[in-house]
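This report concerns only the one structure given below.
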Number of protein chains: 4
Amino acid sequence: MNEVVLLMTCPDRKGIVARTTMLLYGMNANVLNLEQHVEGTGQFFMRIHADASGITISEMEFRAHTAALASELSGRLSLHYPETVQRVAILVTREDACLWELLLKHRSGELRGEVRMIVSNHQGLRPIAESFGIPFHYLPVTPETRDAQEEQVRALLRAESIELVVLARYMQILSPAFVAEYAGRIINIHHGFLPAFKGSRPYHRAWERGVKIIGATAHYVTENLDEGPIIEQDVISVSHQHSVAEMIHRGRDIERRVLATAVQAHLEHRIILHNNRTIIFHP
Amino acid sequence: MNEVVLLMTCPDRKGIVARTTMLLYGMNANVLNLEQHVEGTGQFFMRIHADASGITISEMEFRAHTAALASELSGRLSLHYPETVQRVAILVTREDACLWELLLKHRSGELRGEVRMIVSNHQGLRPIAESFGIPFHYLPVTPETRDAQEEQVRALLRAESIELVVLARYMQILSPAFVAEYAGRIINIHHGFLPAFKGSRPYHRAWERGVKIIGATAHYVTENLDEGPIIEQDVISVSHQHSVAEMIHRGRDIERRVLATAVQAHLEHRIILHNNRTIIFHP
Amino acid sequence: MNEVVLLMTCPDRKGIVARTTMLLYGMNANVLNLEQHVEGTGQFFMRIHADASGITISEMEFRAHTAALASELSGRLSLHYPETVQRVAILVTREDACLWELLLKHRSGELRGEVRMIVSNHQGLRPIAESFGIPFHYLPVTPETRDAQEEQVRALLRAESIELVVLARYMQILSPAFVAEYAGRIINIHHGFLPAFKGSRPYHRAWERGVKIIGATAHYVTENLDEGPIIEQDVISVSHQHSVAEMIHRGRDIERRVLATAVQAHLEHRIILHNNRTIIFHP
Amino acid sequence: MNEVVLLMTCPDRKGIVARTTMLLYGMNANVLNLEQHVEGTGQFFMRIHADASGITISEMEFRAHTAALASELSGRLSLHYPETVQRVAILVTREDACLWELLLKHRSGELRGEVRMIVSNHQGLRPIAESFGIPFHYLPVTPETRDAQEEQVRALLRAESIELVVLARYMQILSPAFVAEYAGRIINIHHGFLPAFKGSRPYHRAWERGVKIIGATAHYVTENLDEGPIIEQDVISVSHQHSVAEMIHRGRDIERRVLATAVQAHLEHRIILHNNRTIIFHP
């Protein structure tokens, strides 16, 4: 491995940065990028991106050292190898704009990760999957078959050891068990500027309320619908002349951009989850 | 009068633009700027800004003609003279950023209107009023004196024939009677991106929710708190590193800009109110 | 034809709006959207979008009436039928982001027009064309064959009666004759914020200059390179941490958005060209 | 001193972060915020903000330690005490918007520094200075008295040990000697989006070119006019309907915001100058 990323959070005390960077220096790693801050609450957050090409110890030893550090600091520390491609599944229903964005950015090399499968409760987007040579799984669902269908989805994810699940306008609510299994690893795009317009038909409600700006929100999925930690948001101006249909058109550009940015931050190991909030380190 | 502005809304039918502009042409007026559209619902909206320097009939005749047209079209038509300076009152409490913005833009000529008075339930902003030579009325309020204090405020407004009331961070809720007296003529700034974070302490709640964008909303005041027709909104990015205090600082820049833009649109007669929504014609 | 759009510019005088809308009313058309203004220089500009379903006279008569009006006003007036699909050619070289954007927005119905062909001096983007079922013409070019290759391109455009040519990162300079043949009908995307960084390698030069914002510009092509009338511009923030390669990545999102917006404005007949400037009516 | 900021740049090598943070730890300081990166060119940049309340050694010893480190690394390291208020002079001519912004943000506590004087070649802005209780120096200038007047300005700055000079729309060009004396400590606001529209009358030229976005640029002043390192830029949309005068109005809001943001970054020691580019650490 030539590169390594450390994400770390713990209660603050003196010397944490020195301890951690000395540890890396002792292993012959070179820090390329470090961002650290202490929140007003006294919580310490840090991301280190290091050149690890000179490291001579084994990965197991490396992990042991960092785990010992985390334990000593009563914190959480995770170790990532940015060159290791993560396995991604995209779940969709009928809307294609977010799917196209993810696949095109993936192909152009802007989005890391390997899209191992596209899963849908509708057949409509199969041709897109096929044109990119990605397996497409059609798993239709009715109110009666919901649990069984979800079980099939999860079996597919497990079979491919999926590490990140992206809900790219997937119009089904996941069960608590599903959410728990992939805690901090399911990203959803909401087509509204949360916490305004939670729930369905946000553009219709935005029109009725007469807002002058609409937006979209990418967030990690938790048990509470539309309440998960926000990763990325963006907005666009609208005027009284825009009908709901035009808002939906304009909103699509925001949705796809916001979702792709959030997925990219996750795949580049730039996010720490802490108390239903996200710490997003700069790209 | 050298210039005139017409604002007009009615159910759509053929020939309205032709009828109205022929009327103006017949009076020897010259249309400088016209913006018109028909909403999907079949409602017609139009603003006309015309050079009226060549008009030979009296204002009374002019008003009679346009009133007859509005009546025939079962619509609402209002006539405005942009050169006539409107009488404005600004109500404040302790925050000074919005007040400064309005007064400075007023002085530089960017904001029409004449600020006839500043009313406050605190003494703190009196020096600002005095440095601009504007009468400052200090009307303290307690839960017990609320009704009486509001009556004093309204008496002041009436005494000066105030046409527009701007709540520039005035931390008091107006009674339904006050709101009704100045229907469509009270503009408030809410320091949140409505309809998210209605009510108090929006920045604290934005921090807790971990939003990545904060905003501000200027709206007409109606009986339902924070539910009035939105005039203008704007936003700014925030990150996990911003504390609530920093959000408040950053938010101030948005609040003052949004409020000044909304007041300007009102004073330039670029707003039609229709069913709790605003039609804002371009500047 | 159910709908009609008029674009009109002439020296201002009294009564033009009335004359024009009376003409439409007399033909039994209904104005849906009208935007008009007089510039400080005394030039009049107007766009009318009307429901023409009730018109009883022939298109030829309609054209005769409007031509007579334009002549009388010493102005330019053009008549468009928004339901008539315009024939578009897209010219590309190697970059695919703008091409994808145009084709996807076209497929989703957000972009009017019919893409009749994609022409390129490289083979690389052929698969994209084929996946959308659009004819792809590969016309390689060397410094020696430049004139002949351009002649082939123009022959293709003529054969298909192309009405709009979109240069979606086409890395060849067009001859004055080509530009003249399609005056006001060739749109180019420049990957810089014009007039800064005219010419080649704008991102490299932006990096060297240390700008904090990069942009893109869509413009009509004229004889003077990068000097044509600007249709649309947009920008994105960059920081010192962004390498040239990252600027190029980030810039792509702006380029494709700006180009699609400009093409859409053209196809919706919302642009008047006047003295190397564009008047863009609101969508 | 309770807080300290280190700014540092040097050729990259292994262990720099560890060395520096160990040094701080050894002195009993606590790192609150650290941002570091290595540019593709191999140059290392770092900013450390630390709680220094526990430091027991003297400031002189502290400075000796860090100077030794910088020397060993062949780099530049500067030490700052954020609680020490910097002495600022603002130079103006006639435009007041930037001056108001700086003074109001200063008063509200958003902008550190102490404004020791306002210098102008016109009398017009004296009342503003007086209302804030800041000494105002009127030093008129003609082409003949240019050198002498500048000498007077510099004498004033020296007499008050001014550390930062802000050109808030000061319409005079500084001599190379002046610029050299305050290298990296003079910030200018240019009312255009550099490098477009260098020189005078940028709004007029923006109007003529028909750009759809205008901007402003704050930069350090160097010998080459409008070529100094850019600190901050921002933009705003304009349309064909905006006259030059309206562009000037709209531009003012950008100018004042951009200048205040740049001054704030400088006063918070968040800028490293390197090869005519700025490294701006996050607020």
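Residue numbering restarts at 1 for every chain of the structure tokens, chains are lettered A, B, ... in their displayed order, and ligands are numbered from 1 as they appear.
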
With a distance threshold of 8 Å and counting only C-alpha atoms, extract the residues of chain B near chain C and express them as a list of chain:residue names. B:Arg13, B:Lys14, B:Gly15, B:Val17, B:Ala18, B:Arg19, B:Thr20, B:Thr21, B:Met22, B:Tyr25, B:Asn28, B:Ala29, B:Asn30, B:Val31, B:Leu32, B:Asn33, B:Leu34, B:Glu35, B:Gln36, B:His37, B:Val38

Considering only C-alpha atoms, return as a ChimeraX atom specification whatever protein or nucleic-acid residues lie within 7 Å of range 56-69 of chain D, sequence-local ones (same chain, fewer than 3 positions apart) excluded. /D:27,72-73

Same residues, N, CA and C atoms, saved as a compact mmCIF listing (two decimals), in the first residue's frame:
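Below is the file that was written, result_8.txt:
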```txt
# COMPACT_ATOMS: atom_id res chain seq x y z
N MET D 27 6.53 22.11 25.13
CA MET D 27 6.37 23.40 25.81
C MET D 27 5.05 23.49 26.57
N GLU D 72 16.53 24.90 10.33
CA GLU D 72 16.90 23.50 10.06
C GLU D 72 16.14 22.96 8.84
N LEU D 73 14.88 23.42 8.70
CA LEU D 73 14.05 22.92 7.59
C LEU D 73 14.18 23.78 6.33
```

Compile the contact shell of range 76-87 of chain D as a PyMOL selection string: residues with an atom at most 9 Å away, counting only C-alpha atoms, same-chain residues fewer than 4 positions apart removed. chain D and resi 1-10+63+66-67+69-71+112-116+160-165+267-269

Selection export as a JSON list (two decimals), in the first residue's frame, atoms kept: N, CA and C atoms:
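Below you can see result_5.json, which holds the result:
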```json
[["chain", "number", "residue", "atom", "x", "y", "z"],
["D", 1, "MET", "N", 0.36, 35.26, 27.06],
["D", 1, "MET", "CA", -0.38, 34.94, 25.85],
["D", 1, "MET", "C", -1.08, 33.59, 25.99],
["D", 2, "ASN", "N", -2.34, 33.61, 25.70],
["D", 2, "ASN", "CA", -3.07, 32.35, 25.82],
["D", 2, "ASN", "C", -3.13, 31.55, 24.53],
["D", 3, "GLU", "N", -2.94, 32.22, 23.39],
["D", 3, "GLU", "CA", -3.04, 31.50, 22.12],
["D", 3, "GLU", "C", -1.89, 31.88, 21.23],
["D", 4, "VAL", "N", -1.55, 30.95, 20.33],
["D", 4, "VAL", "CA", -0.47, 31.22, 19.41],
["D", 4, "VAL", "C", -0.81, 30.59, 18.06],
["D", 5, "VAL", "N", -0.37, 31.26, 16.98],
["D", 5, "VAL", "CA", -0.55, 30.72, 15.63],
["D", 5, "VAL", "C", 0.81, 30.61, 14.96],
["D", 6, "LEU", "N", 1.09, 29.47, 14.39],
["D", 6, "LEU", "CA", 2.31, 29.28, 13.60],
["D", 6, "LEU", "C", 1.94, 29.13, 12.13],
["D", 7, "LEU", "N", 2.61, 29.87, 11.28],
["D", 7, "LEU", "CA", 2.48, 29.68, 9.84],
["D", 7, "LEU", "C", 3.84, 29.21, 9.33],
["D", 8, "MET", "N", 3.84, 28.22, 8.46],
["D", 8, "MET", "CA", 5.11, 27.58, 8.13],
["D", 8, "MET", "C", 5.08, 27.03, 6.72],
["D", 9, "THR", "N", 6.15, 27.25, 5.99],
["D", 9, "THR", "CA", 6.31, 26.62, 4.68],
["D", 9, "THR", "C", 7.77, 26.28, 4.47],
["D", 10, "CYS", "N", 8.01, 25.13, 3.85],
["D", 10, "CYS", "CA", 9.38, 24.67, 3.61],
["D", 10, "CYS", "C", 9.32, 23.53, 2.60],
["D", 63, "ARG", "N", 10.44, 31.83, 20.63],
["D", 63, "ARG", "CA", 10.84, 32.29, 19.31],
["D", 63, "ARG", "C", 12.16, 31.65, 18.89],
["D", 66, "THR", "N", 11.46, 28.04, 17.64],
["D", 66, "THR", "CA", 10.81, 27.91, 16.33],
["D", 66, "THR", "C", 11.73, 28.42, 15.23],
["D", 67, "ALA", "N", 12.52, 29.44, 15.52],
["D", 67, "ALA", "CA", 13.46, 29.93, 14.51],
["D", 67, "ALA", "C", 14.49, 28.85, 14.17],
["D", 69, "LEU", "N", 14.01, 25.69, 14.33],
["D", 69, "LEU", "CA", 13.32, 24.69, 13.51],
["D", 69, "LEU", "C", 13.22, 25.15, 12.06],
["D", 70, "ALA", "N", 12.81, 26.40, 11.87],
["D", 70, "ALA", "CA", 12.66, 26.91, 10.51],
["D", 70, "ALA", "C", 14.00, 26.86, 9.77],
["D", 71, "SER", "N", 15.04, 27.23, 10.46],
["D", 71, "SER", "CA", 16.36, 27.24, 9.84],
["D", 71, "SER", "C", 16.76, 25.82, 9.44],
["D", 112, "ARG", "N", -10.95, 41.43, 13.65],
["D", 112, "ARG", "CA", -9.93, 41.80, 14.62],
["D", 112, "ARG", "C", -9.14, 43.01, 14.12],
["D", 113, "GLY", "N", -8.23, 43.47, 14.94],
["D", 113, "GLY", "CA", -7.39, 44.59, 14.53],
["D", 113, "GLY", "C", -7.93, 45.87, 15.12],
["D", 114, "GLU", "N", -7.07, 46.87, 15.13],
["D", 114, "GLU", "CA", -7.47, 48.17, 15.66],
["D", 114, "GLU", "C", -7.25, 49.19, 14.55],
["D", 115, "VAL", "N", -8.31, 49.82, 14.12],
["D", 115, "VAL", "CA", -8.19, 50.81, 13.06],
["D", 115, "VAL", "C", -7.65, 52.09, 13.68],
["D", 116, "ARG", "N", -6.37, 52.37, 13.42],
["D", 116, "ARG", "CA", -5.70, 53.50, 14.06],
["D", 116, "ARG", "C", -5.92, 54.80, 13.30],
["D", 160, "GLU", "N", 2.51, 55.59, 13.60],
["D", 160, "GLU", "CA", 1.56, 54.78, 14.37],
["D", 160, "GLU", "C", 1.91, 53.29, 14.33],
["D", 161, "SER", "N", 3.09, 52.99, 13.78],
["D", 161, "SER", "CA", 3.54, 51.59, 13.69],
["D", 161, "SER", "C", 2.47, 50.69, 13.06],
["D", 162, "ILE", "N", 1.92, 51.18, 11.97],
["D", 162, "ILE", "CA", 0.86, 50.44, 11.28],
["D", 162, "ILE", "C", 1.41, 49.11, 10.73],
["D", 163, "GLU", "N", 0.62, 48.06, 10.94],
["D", 163, "GLU", "CA", 1.05, 46.73, 10.49],
["D", 163, "GLU", "C", 0.32, 46.28, 9.23],
["D", 164, "LEU", "N", -0.87, 46.79, 9.01],
["D", 164, "LEU", "CA", -1.62, 46.41, 7.81],
["D", 164, "LEU", "C", -2.26, 47.64, 7.20],
["D", 165, "VAL", "N", -2.04, 47.80, 5.90],
["D", 165, "VAL", "CA", -2.63, 48.92, 5.16],
["D", 165, "VAL", "C", -3.72, 48.37, 4.25],
["D", 267, "LEU", "N", -5.84, 39.19, 9.22],
["D", 267, "LEU", "CA", -5.73, 39.50, 10.65],
["D", 267, "LEU", "C", -5.78, 38.25, 11.52],
["D", 268, "GLU", "N", -6.39, 37.19, 10.98],
["D", 268, "GLU", "CA", -6.44, 35.93, 11.73],
["D", 268, "GLU", "C", -5.24, 35.04, 11.39],
["D", 269, "HIS", "N", -4.29, 35.57, 10.68],
["D", 269, "HIS", "CA", -3.06, 34.83, 10.35],
["D", 269, "HIS", "C", -3.40, 33.51, 9.66]]
```

Neighbouring residues of Ala218 in chain D were defined as those with any atom within 8 Å, considering only C-alpha atoms; residues of the same chain fewer than 3 positions away were excluded. Please report them as a list of chain:residue names.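 Returned residues: D:Ile187, D:Asn188, D:Ile189, D:His190, D:Ile230, D:Ile231, D:Glu232, D:Gln233, D:Val258, D:Leu259, D:Ala262.
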
Write the residues of the selection above to a file with C-alpha atoms, as a PDB file, in the first residue's frame.
```
ATOM      1  CA  ILE D 187      -4.485  44.677   0.715  1.00  0.00           C
ATOM      2  CA  ASN D 188      -6.352  46.256  -2.179  1.00  0.00           C
ATOM      3  CA  ILE D 189      -9.875  45.726  -3.492  1.00  0.00           C
ATOM      4  CA  HIS D 190     -10.253  45.652  -7.254  1.00  0.00           C
ATOM      5  CA  ILE D 230      -5.245  37.067  -4.975  1.00  0.00           C
ATOM      6  CA  ILE D 231      -6.715  36.571  -1.500  1.00  0.00           C
ATOM      7  CA  GLU D 232     -10.448  36.443  -2.123  1.00  0.00           C
ATOM      8  CA  GLN D 233     -12.899  36.734  -5.003  1.00  0.00           C
ATOM      9  CA  VAL D 258     -14.647  40.394  -0.526  1.00  0.00           C
ATOM     10  CA  LEU D 259     -12.443  43.046   1.066  1.00  0.00           C
ATOM     11  CA  ALA D 262      -9.639  39.154   2.897  1.00  0.00           C
TER      12      ALA D 262
END
```

How would you write, as a VMD selection string, the set of residues in range 8-153 of chain C that DSSP gives as alpha helix (DSSP H)? chain C and resid 16 to 26 59 to 72 97 to 107 126 to 131 146 to 153

Assign secondary structure with DSSP using the backbone only, and return the residues of range 56-279 of chain D in strand (DSSP E or B) as a PyMOL selection string. chain D and resi 76-80+87-92+114-120+136-138+164-167+186-190+213-220+230-237+271-274+277-279

Using only C-alpha atoms, which residues sit within 12 Å of Ala129 in chain D once same-chain residues fewer than 5 positions away are excluded, as JSON, numbers by chain? {"D": [89, 90, 91, 92, 96, 99, 100, 102, 103, 104, 115, 116, 117, 118, 119, 120, 123, 124, 134, 135, 136, 137, 138]}

Would you kindly return, as a PDB file with all heavy atoms, in the first residue's frame, each protein, DNA or RNA residue with an atom no farther than 10 Å from any atom of His274 in chain B, considering only C-alpha atoms and excluding same-chain residues fewer than 2 positions away?
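Full text of result25.pdb as output:
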```pdb
ATOM      1  N   THR B   9     -53.361  41.852 -11.694  1.00  0.00           N
ATOM      2  CA  THR B   9     -53.612  40.415 -11.767  1.00  0.00           C
ATOM      3  C   THR B   9     -55.113  40.189 -11.936  1.00  0.00           C
ATOM      4  O   THR B   9     -55.936  40.912 -11.370  1.00  0.00           O
ATOM      5  CB  THR B   9     -53.069  39.656 -10.534  1.00  0.00           C
ATOM      6  OG1 THR B   9     -53.330  38.256 -10.719  1.00  0.00           O
ATOM      7  CG2 THR B   9     -53.688  40.113  -9.224  1.00  0.00           C
ATOM      8  N   GLN B  43     -54.189  32.236 -14.095  1.00  0.00           N
ATOM      9  CA  GLN B  43     -54.164  33.587 -13.528  1.00  0.00           C
ATOM     10  C   GLN B  43     -53.144  34.433 -14.292  1.00  0.00           C
ATOM     11  O   GLN B  43     -52.043  33.970 -14.601  1.00  0.00           O
ATOM     12  CB  GLN B  43     -53.798  33.514 -12.032  1.00  0.00           C
ATOM     13  CG  GLN B  43     -53.918  34.833 -11.287  1.00  0.00           C
ATOM     14  CD  GLN B  43     -55.374  35.254 -11.015  1.00  0.00           C
ATOM     15  OE1 GLN B  43     -56.292  34.458 -11.188  1.00  0.00           O
ATOM     16  NE2 GLN B  43     -55.567  36.500 -10.634  1.00  0.00           N
ATOM     17  N   PHE B  45     -50.716  37.802 -14.624  1.00  0.00           N
ATOM     18  CA  PHE B  45     -49.956  38.761 -13.809  1.00  0.00           C
ATOM     19  C   PHE B  45     -49.183  39.695 -14.725  1.00  0.00           C
ATOM     20  O   PHE B  45     -48.595  39.249 -15.714  1.00  0.00           O
ATOM     21  CB  PHE B  45     -48.945  38.033 -12.913  1.00  0.00           C
ATOM     22  CG  PHE B  45     -49.557  37.081 -11.937  1.00  0.00           C
ATOM     23  CD1 PHE B  45     -49.645  35.722 -12.227  1.00  0.00           C
ATOM     24  CD2 PHE B  45     -50.065  37.528 -10.732  1.00  0.00           C
ATOM     25  CE1 PHE B  45     -50.222  34.828 -11.331  1.00  0.00           C
ATOM     26  CE2 PHE B  45     -50.643  36.648  -9.818  1.00  0.00           C
ATOM     27  CZ  PHE B  45     -50.722  35.289 -10.121  1.00  0.00           C
ATOM     28  N   PRO B 229     -46.177  35.205   3.124  1.00  0.00           N
ATOM     29  CA  PRO B 229     -45.623  35.041   1.772  1.00  0.00           C
ATOM     30  C   PRO B 229     -44.140  35.432   1.736  1.00  0.00           C
ATOM     31  O   PRO B 229     -43.761  36.517   2.170  1.00  0.00           O
ATOM     32  CB  PRO B 229     -46.449  36.016   0.931  1.00  0.00           C
ATOM     33  CG  PRO B 229     -47.682  36.282   1.711  1.00  0.00           C
ATOM     34  CD  PRO B 229     -47.316  36.130   3.150  1.00  0.00           C
ATOM     35  N   ILE B 271     -43.774  43.727  -6.611  1.00  0.00           N
ATOM     36  CA  ILE B 271     -44.356  42.551  -5.964  1.00  0.00           C
ATOM     37  C   ILE B 271     -45.869  42.545  -6.095  1.00  0.00           C
ATOM     38  O   ILE B 271     -46.527  43.546  -5.819  1.00  0.00           O
ATOM     39  CB  ILE B 271     -43.998  42.511  -4.458  1.00  0.00           C
ATOM     40  CG1 ILE B 271     -42.495  42.711  -4.240  1.00  0.00           C
ATOM     41  CG2 ILE B 271     -44.473  41.196  -3.833  1.00  0.00           C
ATOM     42  CD1 ILE B 271     -42.060  42.676  -2.786  1.00  0.00           C
ATOM     43  N   ILE B 272     -46.408  41.405  -6.520  1.00  0.00           N
ATOM     44  CA  ILE B 272     -47.851  41.172  -6.417  1.00  0.00           C
ATOM     45  C   ILE B 272     -48.045  40.033  -5.425  1.00  0.00           C
ATOM     46  O   ILE B 272     -47.371  39.009  -5.514  1.00  0.00           O
ATOM     47  CB  ILE B 272     -48.480  40.792  -7.778  1.00  0.00           C
ATOM     48  CG1 ILE B 272     -48.459  41.983  -8.740  1.00  0.00           C
ATOM     49  CG2 ILE B 272     -49.916  40.295  -7.591  1.00  0.00           C
ATOM     50  CD1 ILE B 272     -49.017  41.658 -10.135  1.00  0.00           C
ATOM     51  N   ASN B 276     -51.045  33.802  -0.751  1.00  0.00           N
ATOM     52  CA  ASN B 276     -49.896  33.519   0.120  1.00  0.00           C
ATOM     53  C   ASN B 276     -48.591  33.258  -0.635  1.00  0.00           C
ATOM     54  O   ASN B 276     -47.642  32.702  -0.092  1.00  0.00           O
ATOM     55  CB  ASN B 276     -50.175  32.334   1.056  1.00  0.00           C
ATOM     56  CG  ASN B 276     -49.390  32.480   2.360  1.00  0.00           C
ATOM     57  OD1 ASN B 276     -49.373  33.573   2.938  1.00  0.00           O
ATOM     58  ND2 ASN B 276     -48.712  31.434   2.806  1.00  0.00           N
ATOM     59  N   ARG B 277     -48.553  33.643  -1.908  1.00  0.00           N
ATOM     60  CA  ARG B 277     -47.306  33.577  -2.658  1.00  0.00           C
ATOM     61  C   ARG B 277     -47.028  34.977  -3.211  1.00  0.00           C
ATOM     62  O   ARG B 277     -47.928  35.790  -3.362  1.00  0.00           O
ATOM     63  CB  ARG B 277     -47.399  32.576  -3.815  1.00  0.00           C
ATOM     64  CG  ARG B 277     -47.687  31.162  -3.334  1.00  0.00           C
ATOM     65  CD  ARG B 277     -47.931  30.217  -4.504  1.00  0.00           C
ATOM     66  NE  ARG B 277     -46.691  29.794  -5.118  1.00  0.00           N
ATOM     67  CZ  ARG B 277     -46.348  30.026  -6.370  1.00  0.00           C
ATOM     68  NH1 ARG B 277     -47.162  30.684  -7.172  1.00  0.00           N
ATOM     69  NH2 ARG B 277     -45.203  29.614  -6.848  1.00  0.00           N
ATOM     70  N   THR B 278     -45.760  35.218  -3.534  1.00  0.00           N
ATOM     71  CA  THR B 278     -45.419  36.510  -4.121  1.00  0.00           C
ATOM     72  C   THR B 278     -44.977  36.310  -5.565  1.00  0.00           C
ATOM     73  O   THR B 278     -44.300  35.353  -5.893  1.00  0.00           O
ATOM     74  CB  THR B 278     -44.253  37.188  -3.370  1.00  0.00           C
ATOM     75  OG1 THR B 278     -43.119  36.331  -3.415  1.00  0.00           O
ATOM     76  CG2 THR B 278     -44.601  37.513  -1.936  1.00  0.00           C
ATOM     77  N   ILE B 279     -45.390  37.226  -6.392  1.00  0.00           N
ATOM     78  CA  ILE B 279     -44.885  37.327  -7.758  1.00  0.00           C
ATOM     79  C   ILE B 279     -43.877  38.478  -7.707  1.00  0.00           C
ATOM     80  O   ILE B 279     -44.261  39.608  -7.398  1.00  0.00           O
ATOM     81  CB  ILE B 279     -46.013  37.666  -8.749  1.00  0.00           C
ATOM     82  CG1 ILE B 279     -47.231  36.757  -8.529  1.00  0.00           C
ATOM     83  CG2 ILE B 279     -45.521  37.655 -10.187  1.00  0.00           C
ATOM     84  CD1 ILE B 279     -46.957  35.294  -8.664  1.00  0.00           C
TER      85      ILE B 279
END
```

Report as a PyMOL selection string all protein, DNA and RNA residues lying within 12 Å of Arg209 in chain A, evaluated on only C-alpha atoms, omitting residues in the same chain fewer than 2 positions from it. (chain A and resi 196-197+202-207+211-214+240+244) or (chain B and resi 194-196+219+226-231+274-278)
